[in-house]
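Data file: structure_13.csv. Format and content: CSV, C-alpha atoms.
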chain,number,residue,atom,x,y,z
R,1,MET,CA,-14.1,-14.1,-8.8
R,2,ASN,CA,-17.4,-12.3,-9.2
R,3,ASP,CA,-19.3,-12.3,-5.9
R,4,ILE,CA,-22.7,-11.6,-7.3
R,5,ASN,CA,-24.3,-14.0,-9.7
R,6,ASN,CA,-25.6,-12.1,-12.7
R,7,ASN,CA,-27.8,-15.0,-13.7
R,8,VAL,CA,-30.0,-14.0,-16.7
R,9,ASN,CA,-32.8,-16.2,-15.3
R,10,PHE,CA,-35.4,-14.3,-13.3
R,11,THR,CA,-34.6,-15.3,-9.7
R,12,ALA,CA,-33.7,-13.7,-6.4
R,13,ARG,CA,-30.0,-12.9,-6.1
R,14,MET,CA,-27.6,-13.2,-3.3
R,15,ASP,CA,-24.8,-10.6,-3.2
R,16,ILE,CA,-21.9,-12.0,-1.2
R,17,ARG,CA,-19.3,-9.3,-2.1
R,18,LYS,CA,-19.0,-8.3,1.6
R,19,VAL,CA,-18.6,-11.8,2.9
R,20,THR,CA,-15.1,-12.9,3.8
R,21,MET,CA,-15.8,-15.9,6.2
R,22,ASN,CA,-16.2,-19.2,4.3
R,23,LYS,CA,-16.3,-17.3,1.0
R,24,ALA,CA,-16.2,-20.4,-1.2
R,25,ARG,CA,-19.0,-22.0,0.7
R,26,TRP,CA,-21.2,-18.8,0.5
R,27,ALA,CA,-20.5,-18.7,-3.2
R,28,LYS,CA,-22.0,-22.2,-3.5
R,29,ILE,CA,-24.9,-21.2,-1.3
R,30,ALA,CA,-25.6,-18.1,-3.4
R,31,GLU,CA,-25.5,-20.1,-6.6
R,32,GLN,CA,-28.0,-22.7,-5.2
R,33,PHE,CA,-30.2,-19.9,-3.7
R,34,GLU,CA,-30.5,-18.3,-7.1
R,35,GLN,CA,-31.5,-21.6,-8.7
R,36,LYS,CA,-34.2,-22.1,-6.1
R,37,THR,CA,-35.9,-18.7,-6.1
R,38,SER,CA,-37.6,-18.3,-9.5
R,39,LYS,CA,-40.7,-16.8,-7.7
R,40,TYR,CA,-38.6,-13.8,-6.5
R,41,PRO,CA,-37.0,-12.1,-9.5
R,42,ASN,CA,-37.0,-8.7,-7.8
R,43,ASP,CA,-35.3,-9.7,-4.6
R,44,THR,CA,-31.6,-9.4,-3.7
R,45,PHE,CA,-30.1,-10.5,-0.4
R,46,TYR,CA,-27.0,-8.5,0.5
R,47,MET,CA,-24.8,-10.6,2.8
R,48,GLU,CA,-22.2,-9.1,5.0
R,49,ASP,CA,-19.9,-10.3,7.8
R,50,ILE,CA,-20.6,-9.1,11.3
R,51,ALA,CA,-18.9,-10.0,14.5
R,52,ASN,CA,-19.3,-13.8,15.0
R,53,GLY,CA,-22.0,-13.9,12.3
R,54,ILE,CA,-23.6,-12.6,9.2
R,55,ASN,CA,-26.0,-9.8,8.3
R,56,ALA,CA,-28.6,-10.6,5.7
R,57,TYR,CA,-30.5,-7.6,4.2
R,58,ASN,CA,-32.9,-8.2,1.4
R,59,ILE,CA,-34.8,-5.6,-0.7
R,60,ASN,CA,-37.4,-6.2,-3.3
R,61,SER,CA,-36.8,-3.7,-6.1
R,62,LYS,CA,-40.4,-3.7,-7.2
R,63,THR,CA,-42.3,-3.3,-3.9
R,64,GLY,CA,-39.5,-1.8,-1.7
R,65,ASN,CA,-40.2,-4.6,0.9
R,66,GLU,CA,-37.2,-5.2,3.2
R,67,ILE,CA,-36.0,-8.1,5.3
R,68,SER,CA,-33.1,-7.8,7.7
R,69,ALA,CA,-31.6,-10.4,10.0
R,70,ASN,CA,-28.4,-10.5,12.0
R,71,ILE,CA,-27.5,-14.1,12.5
R,72,PHE,CA,-24.7,-14.4,15.1
R,73,GLY,CA,-23.5,-16.4,18.0
R,74,VAL,CA,-25.2,-19.7,18.6
R,75,GLU,CA,-27.6,-19.2,15.8
R,76,PHE,CA,-24.8,-18.5,13.3
R,77,ASP,CA,-23.1,-21.7,14.5
R,78,ARG,CA,-26.3,-23.6,14.0
R,79,LEU,CA,-26.7,-22.1,10.5
R,80,MET,CA,-23.1,-23.0,9.5
R,81,ASN,CA,-23.6,-26.6,10.7
R,82,MET,CA,-26.5,-27.0,8.2
R,83,THR,CA,-26.0,-28.2,4.7
R,84,ASP,CA,-25.9,-25.6,1.9
R,85,SER,CA,-29.3,-26.8,0.8
R,86,GLN,CA,-30.8,-26.2,4.3
R,87,ILE,CA,-29.3,-22.7,4.5
R,88,VAL,CA,-30.8,-21.9,1.1
R,89,SER,CA,-34.1,-23.2,2.4
R,90,LYS,CA,-33.9,-20.8,5.4
R,91,PHE,CA,-33.4,-17.7,3.3
R,92,LYS,CA,-36.0,-18.8,0.8
R,93,LYS,CA,-38.5,-19.2,3.7
R,94,MET,CA,-37.7,-15.6,4.7
R,95,LEU,CA,-38.8,-14.6,1.2
R,96,ASN,CA,-41.9,-16.7,1.5
R,97,ILE,CA,-42.9,-15.0,4.7
R,98,SER,CA,-42.3,-11.5,3.2
R,99,ALA,CA,-44.3,-12.5,0.1
R,100,HIS,CA,-47.2,-13.6,2.3
R,101,LYS,CA,-47.2,-10.2,4.1
R,102,GLN,CA,-47.2,-8.5,0.7
R,103,ARG,CA,-50.3,-10.5,-0.4
R,104,ILE,CA,-52.1,-9.3,2.7
R,105,TYR,CA,-51.1,-5.7,1.9
R,106,ASP,CA,-52.2,-6.2,-1.8
R,107,ALA,CA,-55.6,-7.5,-0.7
R,108,THR,CA,-56.0,-4.7,1.7
R,109,ASN,CA,-55.2,-2.1,-1.0
R,110,ASP,CA,-57.7,-3.7,-3.4
R,111,TYR,CA,-60.3,-3.7,-0.6
R,112,THR,CA,-59.8,-0.1,0.3
R,113,LYS,CA,-60.0,1.0,-3.3
R,114,LYS,CA,-63.3,-0.9,-3.8
R,115,LEU,CA,-64.7,0.5,-0.6
R,116,PHE,CA,-63.8,4.0,-1.6
R,117,LYS,CA,-65.5,3.6,-4.9
R,118,ILE,CA,-68.7,2.6,-3.2
R,119,THR,CA,-68.6,4.9,-0.2
R,120,LYS,CA,-66.5,7.8,-1.4
R,121,GLU,CA,-65.2,7.9,2.1
R,122,ALA,CA,-61.6,7.2,3.1
R,123,ALA,CA,-61.9,8.0,6.8
R,124,SER,CA,-61.9,4.4,7.9
R,125,ASP,CA,-59.0,3.7,5.6
R,126,MET,CA,-56.3,4.2,8.3
R,127,LYS,CA,-58.1,1.8,10.7
R,128,ILE,CA,-58.2,-0.8,8.0
R,129,TRP,CA,-54.5,-0.4,7.2
R,130,ASP,CA,-53.6,-0.5,10.9
R,131,GLU,CA,-55.4,-3.8,11.3
R,132,ALA,CA,-53.9,-5.2,8.1
R,133,VAL,CA,-50.4,-4.4,9.3
R,134,SER,CA,-51.2,-6.0,12.7
R,135,ILE,CA,-52.5,-9.2,11.0
R,136,ALA,CA,-49.6,-9.3,8.5
R,137,ASN,CA,-47.1,-9.0,11.4
R,138,LYS,CA,-48.8,-11.7,13.5
R,139,GLU,CA,-48.9,-14.1,10.5
R,140,ALA,CA,-45.2,-13.4,9.7
R,141,LYS,CA,-44.3,-14.2,13.3
R,142,ALA,CA,-46.4,-17.3,13.3
R,143,MET,CA,-44.8,-18.6,10.1
R,144,GLN,CA,-41.3,-17.8,11.5
R,145,LYS,CA,-42.1,-19.7,14.7
R,146,LYS,CA,-43.0,-22.8,12.7
R,147,ASP,CA,-39.3,-23.1,11.6
R,148,SER,CA,-37.0,-24.6,14.2
R,149,PHE,CA,-34.1,-22.3,13.2
R,150,LEU,CA,-35.9,-19.1,12.2
R,151,LYS,CA,-37.9,-19.0,15.4
R,152,ASP,CA,-34.7,-18.1,17.2
R,153,VAL,CA,-33.5,-15.4,14.8
R,154,ASP,CA,-34.5,-11.8,15.1
R,155,ILE,CA,-35.9,-11.0,11.6
R,156,LEU,CA,-37.3,-7.6,10.7
R,157,PHE,CA,-39.8,-7.9,7.9
Structure encoded using structure tokens:
Amino acid sequence: MNDINNNVNFTARMDIRKVTMNKARWAKIAEQFEQKTSKYPNDTFYMEDIANGINAYNINSKTGNEISANIFGVEFDRLMNMTDSQIVSKFKKMLNISAHKQRIYDATNDYTKKLFKITKEAASDMKIWDEAVSIANKEAKAMQKKDSFLKDVDILF
């Protein structure tokens, strides 16, 4: 059985080759995930077993953005008690949060380029980026806290 869906549609992918627990179920989750993520053609979640849980590592091949989450213990039990559709929704929400952060970074990049064209000064550029990163991180955490499951998961965006 092939554990990575090579779907020709442009969607996010979920690579489950390193998953051994509930392999058949994760194959169904991966298939459903790939059907529901048409907005994320450059993303791949690499799933891997860890002690009493699962590691999810996503990378966007276009932007280099990464997401990582170790879901174990009580949170893993909660995750596995969800329907496949609910699990797909949680991973898709992680992509949504990451995309929101990227929009903040893109807007900041556009702004700093325009500002440089006008002022020819890049000295304040670092301050602008520091603030943008701070805002993006706060927004990501706020979005994460709105989800009853994700609020309890340590996610690195």
Mind checking which residues fall within 10 Å of R:Tyr111, counting only C-alpha atoms, ignoring those fewer than 6 positions away in the same chain, and posting them as a PDB file with C-alpha atoms, keeping the file's coordinate frame?
ATOM      1  CA  TYR R 105     -51.100  -5.700   1.900  1.00  0.00           C
ATOM      2  CA  LYS R 117     -65.500   3.600  -4.900  1.00  0.00           C
ATOM      3  CA  ASP R 125     -59.000   3.700   5.600  1.00  0.00           C
ATOM      4  CA  ILE R 128     -58.200  -0.800   8.000  1.00  0.00           C
TER       5      ILE R 128
END
(request) Grab the atom CA of R:Ile29 to atom CA of R:Lys146 distance for me, in Å with one decimal place. (result) 22.9 Å
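Distances to R:Thr108 were evaluated for R:Glu75, R:Glu131, R:Asp152, R:Glu34 using only C-alpha atoms, and the minimum falls at R:Glu131.
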Need the shell around R:Gln86: protein/DNA/RNA residues with any atom at most 12 Å away, counting only C-alpha atoms. Skip same-chain ones fewer than 2 positions apart. Format as a short mmCIF file (atom, residue, chain, number, x, y, z; two decimals) with C-alpha atoms, keeping the file's coordinate frame?
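Contents of the output file around_24.cif:
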data_model
loop_
_atom_site.label_atom_id
_atom_site.label_comp_id
_atom_site.auth_asym_id
_atom_site.auth_seq_id
_atom_site.Cartn_x
_atom_site.Cartn_y
_atom_site.Cartn_z
CA ILE R 29 -24.90 -21.20 -1.30
CA GLN R 32 -28.00 -22.70 -5.20
CA PHE R 33 -30.20 -19.90 -3.70
CA LYS R 36 -34.20 -22.10 -6.10
CA ARG R 78 -26.30 -23.60 14.00
CA LEU R 79 -26.70 -22.10 10.50
CA MET R 80 -23.10 -23.00 9.50
CA ASN R 81 -23.60 -26.60 10.70
CA MET R 82 -26.50 -27.00 8.20
CA THR R 83 -26.00 -28.20 4.70
CA ASP R 84 -25.90 -25.60 1.90
CA VAL R 88 -30.80 -21.90 1.10
CA SER R 89 -34.10 -23.20 2.40
CA LYS R 90 -33.90 -20.80 5.40
CA PHE R 91 -33.40 -17.70 3.30
CA LYS R 92 -36.00 -18.80 0.80
CA LYS R 93 -38.50 -19.20 3.70
CA ASP R 147 -39.30 -23.10 11.60
CA SER R 148 -37.00 -24.60 14.20
CA PHE R 149 -34.10 -22.30 13.20
CA LEU R 150 -35.90 -19.10 12.20
#
(request) Choose the residue, out of R:Met94, R:Val133, R:Ala107, R:Ala51, that has the smallest atom-to-atom separation from R:Ala69; count all atoms listed in the file. (result)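 Smallest separation from R:Ala69 among the options: R:Met94.
Of note, atom CA of R:Ile135 and atom CA of R:Ile104 are spaced 8.3 Å apart.
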(request) Fewer than 6 positions away in the same chain doesn't count, so skip those; otherwise give me all residues within 9 Å of R:Asn52, counting all atoms listed in the file, as a list in words. (result)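 Surrounding residues, per the criterion: Ile71, Phe72, Gly73, Phe76 and Asp77 of chain R.
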(request) Quote the spacing between atom CA of R:Leu95 and atom CA of R:Gly53 in Å to one decimal place. (result)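 Answer for the atom CA of R:Leu95 to atom CA of R:Gly53 separation: 20.1 Å.
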(message) When you count only C-alpha atoms, which of these residues is closest to R:Glu139: R:Val153, R:Ile118, R:Met126, R:Ala99?
(response)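 Closest candidate: R:Ala99.
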(message) Calculated over all atoms listed in the file, which of the candidates R:Glu31, R:Asp130, R:Glu66, R:Asp106 has the smallest distance to R:Asp43?
(response) R:Glu66
(request) Considering all atoms listed in the file, state which residue in the set R:Met14, R:Ala27, R:Ala132, R:Ile97 is at the smallest distance from R:Tyr57. (result) R:Met14
Missing atoms in stretch 102-113 of chain R should be modelled up to all heavy atoms and reported as a short mmCIF file (atom, residue, chain, number, x, y, z; two decimals), in the frame of the given file.
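Once written, selection-v9.cif looks like this:
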data_model
loop_
_atom_site.label_atom_id
_atom_site.label_comp_id
_atom_site.auth_asym_id
_atom_site.auth_seq_id
_atom_site.Cartn_x
_atom_site.Cartn_y
_atom_site.Cartn_z
N GLN R 102 -46.89 -9.38 1.81
CA GLN R 102 -47.20 -8.50 0.70
C GLN R 102 -48.61 -8.88 0.11
O GLN R 102 -49.36 -7.99 -0.28
CB GLN R 102 -46.17 -8.63 -0.43
CG GLN R 102 -46.40 -7.68 -1.58
CD GLN R 102 -46.38 -6.22 -1.15
OE1 GLN R 102 -45.49 -5.79 -0.42
NE2 GLN R 102 -47.36 -5.45 -1.59
N ARG R 103 -48.95 -10.16 0.11
CA ARG R 103 -50.30 -10.50 -0.40
C ARG R 103 -51.38 -9.95 0.53
O ARG R 103 -52.43 -9.53 0.03
CB ARG R 103 -50.42 -12.06 -0.45
CG ARG R 103 -49.69 -12.67 -1.64
CD ARG R 103 -50.02 -14.14 -1.86
NE ARG R 103 -49.60 -14.99 -0.77
CZ ARG R 103 -48.37 -15.49 -0.62
NH1 ARG R 103 -47.43 -15.21 -1.50
NH2 ARG R 103 -48.09 -16.28 0.40
N ILE R 104 -51.13 -9.89 1.82
CA ILE R 104 -52.10 -9.30 2.70
C ILE R 104 -52.22 -7.78 2.42
O ILE R 104 -53.32 -7.23 2.34
CB ILE R 104 -51.67 -9.48 4.21
CG1 ILE R 104 -51.79 -10.97 4.56
CG2 ILE R 104 -52.51 -8.63 5.16
CD1 ILE R 104 -51.18 -11.37 5.89
N TYR R 105 -51.09 -7.11 2.18
CA TYR R 105 -51.10 -5.70 1.90
C TYR R 105 -51.81 -5.44 0.51
O TYR R 105 -52.57 -4.48 0.36
CB TYR R 105 -49.72 -5.10 1.84
CG TYR R 105 -49.03 -5.14 3.19
CD1 TYR R 105 -47.65 -5.28 3.27
CD2 TYR R 105 -49.73 -5.05 4.38
CE1 TYR R 105 -47.00 -5.32 4.50
CE2 TYR R 105 -49.10 -5.09 5.61
CZ TYR R 105 -47.73 -5.23 5.66
OH TYR R 105 -47.10 -5.26 6.86
N ASP R 106 -51.55 -6.30 -0.47
CA ASP R 106 -52.20 -6.20 -1.80
C ASP R 106 -53.70 -6.32 -1.66
O ASP R 106 -54.47 -5.55 -2.26
CB ASP R 106 -51.63 -7.16 -2.78
CG ASP R 106 -50.19 -6.87 -3.17
OD1 ASP R 106 -49.69 -5.76 -2.91
OD2 ASP R 106 -49.55 -7.79 -3.75
N ALA R 107 -54.13 -7.31 -0.89
CA ALA R 107 -55.60 -7.50 -0.70
C ALA R 107 -56.21 -6.36 0.03
O ALA R 107 -57.33 -5.94 -0.30
CB ALA R 107 -55.80 -8.83 0.07
N THR R 108 -55.50 -5.82 0.99
CA THR R 108 -56.00 -4.70 1.70
C THR R 108 -56.12 -3.45 0.80
O THR R 108 -57.13 -2.73 0.83
CB THR R 108 -55.09 -4.33 2.92
OG1 THR R 108 -54.99 -5.48 3.75
CG2 THR R 108 -55.62 -3.15 3.72
N ASN R 109 -55.12 -3.26 -0.03
CA ASN R 109 -55.20 -2.10 -1.00
C ASN R 109 -56.34 -2.28 -1.94
O ASN R 109 -57.07 -1.32 -2.20
CB ASN R 109 -53.84 -2.08 -1.75
CG ASN R 109 -53.71 -0.82 -2.56
OD1 ASN R 109 -53.99 0.27 -2.08
ND2 ASN R 109 -53.27 -0.98 -3.79
N ASP R 110 -56.55 -3.48 -2.47
CA ASP R 110 -57.70 -3.70 -3.40
C ASP R 110 -59.00 -3.45 -2.65
O ASP R 110 -59.90 -2.82 -3.21
CB ASP R 110 -57.67 -5.17 -3.88
CG ASP R 110 -56.51 -5.47 -4.81
OD1 ASP R 110 -55.87 -4.51 -5.29
OD2 ASP R 110 -56.25 -6.66 -5.06
N TYR R 111 -59.11 -3.93 -1.42
CA TYR R 111 -60.30 -3.70 -0.60
C TYR R 111 -60.61 -2.25 -0.39
O TYR R 111 -61.73 -1.78 -0.58
CB TYR R 111 -60.23 -4.49 0.70
CG TYR R 111 -61.37 -4.21 1.62
CD1 TYR R 111 -62.62 -4.76 1.40
CD2 TYR R 111 -61.20 -3.37 2.73
CE1 TYR R 111 -63.69 -4.49 2.27
CE2 TYR R 111 -62.24 -3.10 3.59
CZ TYR R 111 -63.49 -3.66 3.36
OH TYR R 111 -64.53 -3.39 4.20
N THR R 112 -59.58 -1.50 0.03
CA THR R 112 -59.80 -0.10 0.30
C THR R 112 -60.18 0.70 -0.93
O THR R 112 -60.99 1.62 -0.86
CB THR R 112 -58.58 0.55 1.02
OG1 THR R 112 -57.43 0.41 0.19
CG2 THR R 112 -58.35 -0.06 2.39
N LYS R 113 -59.60 0.33 -2.08
CA LYS R 113 -60.00 1.00 -3.30
C LYS R 113 -61.44 0.73 -3.68
O LYS R 113 -62.17 1.64 -4.06
CB LYS R 113 -59.07 0.52 -4.47
CG LYS R 113 -57.70 1.11 -4.46
CD LYS R 113 -56.87 0.57 -5.62
CE LYS R 113 -55.47 1.12 -5.61
NZ LYS R 113 -54.66 0.54 -6.69
#
